[in-house]
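For reference, the structure discussed in these notes is given below.
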Amino acid sequence: MPPVPARAEFLGVPLDLLTMDESVERCAALIREGRPVQHVVINAGKCVLMEDVPDVREIVKRCEIVNADGQSVVWGARFLGIKAPERVAGIDLMGRMIERCAREGWPVYLLGAKDDVLAAFVAEAKTRHPRLVVAGSRNGYFSADQEVGIAEAIRDSGARLLLVGISSPKKERFLAEHLPRMGAVLAMGVGGSFDVWAGKTRRAPAWMQKVGLDWFYRFAQEPGRMWRRYLIGNLRFGALILRARLHRYES
């Protein structure tokens, strides 16, 4: 297995200093290793969530791979003297891993979203990658007493990659509690990526992604629902970065 890549500490959690290509190879190596492991991406919203919900921070600390999903995290890390190489957007890494799984014959399990979204996602994924093996799927609406059964169904499916499209912190807590039951699977949170591939929501143009304004594109689509998450959340994230910078100078 390739050596574990360099890690830095960013706002109290580990951050792997990986490019997109390196992230794909690291994920593939972990799948080959054959044990239950968790991948996570962090963005401004996740950083604020970790500040408010300490157990999420502890879960992120235990993850095998922690990627910088948001461009704001890359800039924030560099502002703090961390040489983050590039943004590794969760939706792009998901696409690369689906491609890799299709090539290697690794089955994929989908957990999250609504049934119609899952059906449209599978159709799109199969169109792009006809050889992809979908081991199973389950919508993201379930109660706590159903969780063990879901974890066992994932194990019994033989999946090697688990894509989880349910909201935080439910996603993190579910995986922390039940991942050991799921067999040899790499669990990857994918946020709203199912909806994008299914054609239910649109992704920001490439130029907006490049300059870190994809959050604004999402906000513009649903301002009533997203204003608190993005506007207030981004201000709080900026405050966290400034506080960390000041702490460095004081120490």
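We label chains A, B, ... in the order they appear in the structure tokens, count residues from 1 in each chain, and number ligands from 1 in the order shown.
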Could you please write out, as a VMD selection string, every residue of stretch 99-226 of chain A that DSSP assigns to alpha helix (DSSP H)? chain A and resid 99 to 104 115 to 128 147 to 157 170 to 178 193 to 197 206 to 210 214 to 221 223 to 226
Given the selection you just returned, output its residues as a file containing C-alpha atoms, formatted as a PDB file, in the first residue's frame.
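Listing of out-v1.pdb after writing:
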ATOM      1  CA  GLU A  99     -15.294   5.576 -12.792  1.00  0.00           C
ATOM      2  CA  ARG A 100     -12.620   3.636 -10.899  1.00  0.00           C
ATOM      3  CA  CYS A 101     -15.139   1.208  -9.423  1.00  0.00           C
ATOM      4  CA  ALA A 102     -16.599   0.527 -12.859  1.00  0.00           C
ATOM      5  CA  ARG A 103     -13.130  -0.214 -14.183  1.00  0.00           C
ATOM      6  CA  GLU A 104     -12.093  -2.425 -11.253  1.00  0.00           C
ATOM      7  CA  ASP A 115     -36.136   6.945  -4.280  1.00  0.00           C
ATOM      8  CA  ASP A 116     -36.781   8.848  -7.508  1.00  0.00           C
ATOM      9  CA  VAL A 117     -33.464  10.671  -7.146  1.00  0.00           C
ATOM     10  CA  LEU A 118     -31.641   7.379  -6.592  1.00  0.00           C
ATOM     11  CA  ALA A 119     -33.260   5.870  -9.677  1.00  0.00           C
ATOM     12  CA  ALA A 120     -32.247   8.853 -11.809  1.00  0.00           C
ATOM     13  CA  PHE A 121     -28.737   8.793 -10.332  1.00  0.00           C
ATOM     14  CA  VAL A 122     -28.285   5.115 -11.160  1.00  0.00           C
ATOM     15  CA  ALA A 123     -29.528   5.682 -14.704  1.00  0.00           C
ATOM     16  CA  GLU A 124     -27.053   8.532 -15.195  1.00  0.00           C
ATOM     17  CA  ALA A 125     -24.180   6.598 -13.624  1.00  0.00           C
ATOM     18  CA  LYS A 126     -24.899   3.582 -15.835  1.00  0.00           C
ATOM     19  CA  THR A 127     -25.040   5.809 -18.907  1.00  0.00           C
ATOM     20  CA  ARG A 128     -21.613   7.211 -18.101  1.00  0.00           C
ATOM     21  CA  GLU A 147     -29.905   1.574  11.221  1.00  0.00           C
ATOM     22  CA  VAL A 148     -28.481  -1.829  12.161  1.00  0.00           C
ATOM     23  CA  GLY A 149     -30.521  -3.514   9.431  1.00  0.00           C
ATOM     24  CA  ILE A 150     -29.317  -0.977   6.862  1.00  0.00           C
ATOM     25  CA  ALA A 151     -25.684  -1.520   7.883  1.00  0.00           C
ATOM     26  CA  GLU A 152     -26.098  -5.279   7.583  1.00  0.00           C
ATOM     27  CA  ALA A 153     -27.766  -4.927   4.167  1.00  0.00           C
ATOM     28  CA  ILE A 154     -24.760  -2.910   2.974  1.00  0.00           C
ATOM     29  CA  ARG A 155     -22.434  -5.642   4.264  1.00  0.00           C
ATOM     30  CA  ASP A 156     -24.466  -8.404   2.639  1.00  0.00           C
ATOM     31  CA  SER A 157     -24.522  -6.543  -0.702  1.00  0.00           C
ATOM     32  CA  LYS A 170     -26.871  12.285  10.993  1.00  0.00           C
ATOM     33  CA  LYS A 171     -24.447  11.027   8.346  1.00  0.00           C
ATOM     34  CA  GLU A 172     -21.364  11.267  10.559  1.00  0.00           C
ATOM     35  CA  ARG A 173     -23.090   9.695  13.543  1.00  0.00           C
ATOM     36  CA  PHE A 174     -24.562   6.855  11.489  1.00  0.00           C
ATOM     37  CA  LEU A 175     -21.177   5.943  10.018  1.00  0.00           C
ATOM     38  CA  ALA A 176     -19.333   6.276  13.323  1.00  0.00           C
ATOM     39  CA  GLU A 177     -21.805   3.901  14.956  1.00  0.00           C
ATOM     40  CA  HIS A 178     -22.342   1.335  12.220  1.00  0.00           C
ATOM     41  CA  SER A 193     -24.238  15.075  -5.317  1.00  0.00           C
ATOM     42  CA  PHE A 194     -27.029  12.566  -5.947  1.00  0.00           C
ATOM     43  CA  ASP A 195     -29.375  15.452  -6.793  1.00  0.00           C
ATOM     44  CA  VAL A 196     -26.869  16.977  -9.215  1.00  0.00           C
ATOM     45  CA  TRP A 197     -26.249  13.750 -11.117  1.00  0.00           C
ATOM     46  CA  ALA A 206     -16.695  25.960 -13.744  1.00  0.00           C
ATOM     47  CA  TRP A 207     -15.472  29.559 -13.455  1.00  0.00           C
ATOM     48  CA  MET A 208     -17.516  30.072 -10.275  1.00  0.00           C
ATOM     49  CA  GLN A 209     -16.120  26.871  -8.798  1.00  0.00           C
ATOM     50  CA  LYS A 210     -12.590  28.000  -9.627  1.00  0.00           C
ATOM     51  CA  ASP A 214     -20.108  27.956  -6.099  1.00  0.00           C
ATOM     52  CA  TRP A 215     -21.689  28.533  -2.685  1.00  0.00           C
ATOM     53  CA  PHE A 216     -23.184  31.791  -4.033  1.00  0.00           C
ATOM     54  CA  TYR A 217     -24.639  29.971  -7.035  1.00  0.00           C
ATOM     55  CA  ARG A 218     -26.332  27.504  -4.696  1.00  0.00           C
ATOM     56  CA  PHE A 219     -27.560  30.372  -2.510  1.00  0.00           C
ATOM     57  CA  ALA A 220     -29.010  32.180  -5.542  1.00  0.00           C
ATOM     58  CA  GLN A 221     -31.098  29.110  -6.417  1.00  0.00           C
ATOM     59  CA  PRO A 223     -32.024  32.081  -1.020  1.00  0.00           C
ATOM     60  CA  GLY A 224     -34.842  31.558   1.455  1.00  0.00           C
ATOM     61  CA  ARG A 225     -33.475  28.195   2.551  1.00  0.00           C
ATOM     62  CA  MET A 226     -29.755  28.820   2.160  1.00  0.00           C
TER      63      MET A 226
END
Using only C-alpha atoms, find each residue of stretch 100-193 of chain A with at least one atom at most 12 Å away from an atom of stretch 67-83 of chain A; report its shortest atom-to-atom pair and that distance in Å (one decimal), sort the rows by chain and rising residue number, and return the result as a Markdown table.
| residue | atom | partner | partner_atom | distance |
| --- | --- | --- | --- | --- |
| A:Met188 | CA | A:Asn67 | CA | 11.0 |
| A:Gly189 | CA | A:Asp69 | CA | 11.2 |
| A:Val190 | CA | A:Asp69 | CA | 10.3 |
| A:Gly191 | CA | A:Asp69 | CA | 10.7 |
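Among the candidates A:Ala84, A:Ile241, A:Ile232, A:Ile91, the one nearest to A:Leu17 when counting only C-alpha atoms is A:Ala84.
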So the first atom is atom CA of A:Ile42 and the second is atom CA of A:Ile59; what is the distance between them in Å, to one decimal place? 12.2 Å
Output as a list in words all residues of stretch 149-213 of chain A that backbone DSSP marks as strand (DSSP E). Leu161, Leu162, Leu163, Val164, Gly165, Leu186, Ala187, Met188 and Gly189 of chain A
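Minimum distance to A:Lys46 across A:Pro205, A:Pro169, A:Gly238, A:Pro107 (counting only C-alpha atoms) occurs at A:Pro169.
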Would you list the contacts of A:Ala29 as a tab-separated table (two decimals) with N, CA and C atoms, in the first residue's frame, taking every protein, DNA or RNA residue within 12 Å and counting only C-alpha atoms, but skipping same-chain residues closer than 2 positions in sequence?
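Written output follows (around18.tsv):
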chain	number	residue	atom	x	y	z
A	1	MET	N	0.85	-1.19	0.00
A	1	MET	CA	0.00	0.00	0.00
A	1	MET	C	0.89	1.24	0.00
A	2	PRO	N	0.54	2.28	-0.77
A	2	PRO	CA	1.36	3.49	-0.79
A	2	PRO	C	1.45	4.11	0.59
A	3	PRO	N	2.53	4.86	0.87
A	3	PRO	CA	2.66	5.49	2.18
A	3	PRO	C	1.53	6.47	2.45
A	4	VAL	N	1.19	6.59	3.74
A	4	VAL	CA	0.14	7.54	4.12
A	4	VAL	C	0.64	8.94	3.83
A	22	GLU	N	-4.13	12.12	-6.29
A	22	GLU	CA	-3.62	11.41	-5.11
A	22	GLU	C	-4.76	10.89	-4.24
A	23	SER	N	-5.83	11.66	-4.15
A	23	SER	CA	-6.98	11.23	-3.36
A	23	SER	C	-7.62	9.99	-3.96
A	24	VAL	N	-7.75	9.96	-5.28
A	24	VAL	CA	-8.32	8.78	-5.95
A	24	VAL	C	-7.46	7.55	-5.67
A	25	GLU	N	-6.15	7.70	-5.79
A	25	GLU	CA	-5.26	6.56	-5.56
A	25	GLU	C	-5.29	6.12	-4.12
A	26	ARG	N	-5.38	7.05	-3.19
A	26	ARG	CA	-5.46	6.70	-1.78
A	26	ARG	C	-6.77	5.95	-1.49
A	27	CYS	N	-7.87	6.42	-2.03
A	27	CYS	CA	-9.15	5.73	-1.85
A	27	CYS	C	-9.10	4.33	-2.45
A	31	ILE	N	-9.62	0.68	-0.54
A	31	ILE	CA	-10.60	-0.33	-0.97
A	31	ILE	C	-9.91	-1.68	-1.15
A	32	ARG	N	-8.75	-1.67	-1.76
A	32	ARG	CA	-8.00	-2.92	-1.94
A	32	ARG	C	-7.60	-3.53	-0.60
A	33	GLU	N	-7.29	-2.68	0.36
A	33	GLU	CA	-6.88	-3.17	1.68
A	33	GLU	C	-7.99	-3.98	2.34
A	34	GLY	N	-9.24	-3.59	2.11
A	34	GLY	CA	-10.36	-4.42	2.52
A	34	GLY	C	-10.73	-4.34	3.98
A	35	ARG	N	-10.96	-3.14	4.48
A	35	ARG	CA	-11.49	-2.96	5.84
A	35	ARG	C	-12.44	-1.76	5.82
A	37	VAL	N	-13.58	1.72	6.25
A	37	VAL	CA	-12.91	2.99	6.50
A	37	VAL	C	-13.82	4.13	6.04
A	64	GLU	N	-10.12	8.17	7.86
A	64	GLU	CA	-8.88	7.79	7.18
A	64	GLU	C	-8.41	8.85	6.19
A	65	ILE	N	-9.35	9.52	5.53
A	65	ILE	CA	-9.00	10.57	4.57
A	65	ILE	C	-9.89	11.77	4.86
A	97	MET	N	-14.30	8.20	-8.43
A	97	MET	CA	-14.36	6.90	-7.79
A	97	MET	C	-15.40	5.98	-8.44
A	100	ARG	N	-13.61	4.63	-11.32
A	100	ARG	CA	-12.62	3.64	-10.90
A	100	ARG	C	-13.30	2.32	-10.51
A	104	GLU	N	-12.64	-1.35	-12.08
A	104	GLU	CA	-12.09	-2.43	-11.25
A	104	GLU	C	-13.11	-3.51	-10.92
A	160	ARG	N	-18.11	-2.32	-2.12
A	160	ARG	CA	-16.77	-1.88	-1.73
A	160	ARG	C	-16.69	-0.37	-1.55
A	185	VAL	N	-15.76	-1.89	3.21
A	185	VAL	CA	-16.34	-0.81	2.42
A	185	VAL	C	-15.66	0.51	2.76
A	186	LEU	N	-15.44	1.32	1.74
A	186	LEU	CA	-15.01	2.70	1.93
A	186	LEU	C	-16.26	3.57	1.89
Report, in Å with one decimal, the straight-line distance from atom CA of A:Leu11 to atom CA of A:Leu162. 27.1 Å
Take atom CA of A:Ile98 and atom CA of A:Leu132 and report the distance between them in Å, one decimal.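 Straight-line distance from atom CA of A:Ile98 to atom CA of A:Leu132 works out to 7.5 Å.
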Taking only C-alpha atoms into account, name the residue in A:Gln146, A:Arg202, A:Ala113, A:Leu235 that is nearest to A:Gly165. A:Ala113
Looking at A:Val13, A:His129, A:Val41, A:Trp106, which one is nearest to A:Pro54, with distances taken over only C-alpha atoms?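 Nearest candidate to A:Pro54 out of A:Val13, A:His129, A:Val41, A:Trp106: A:Val13.
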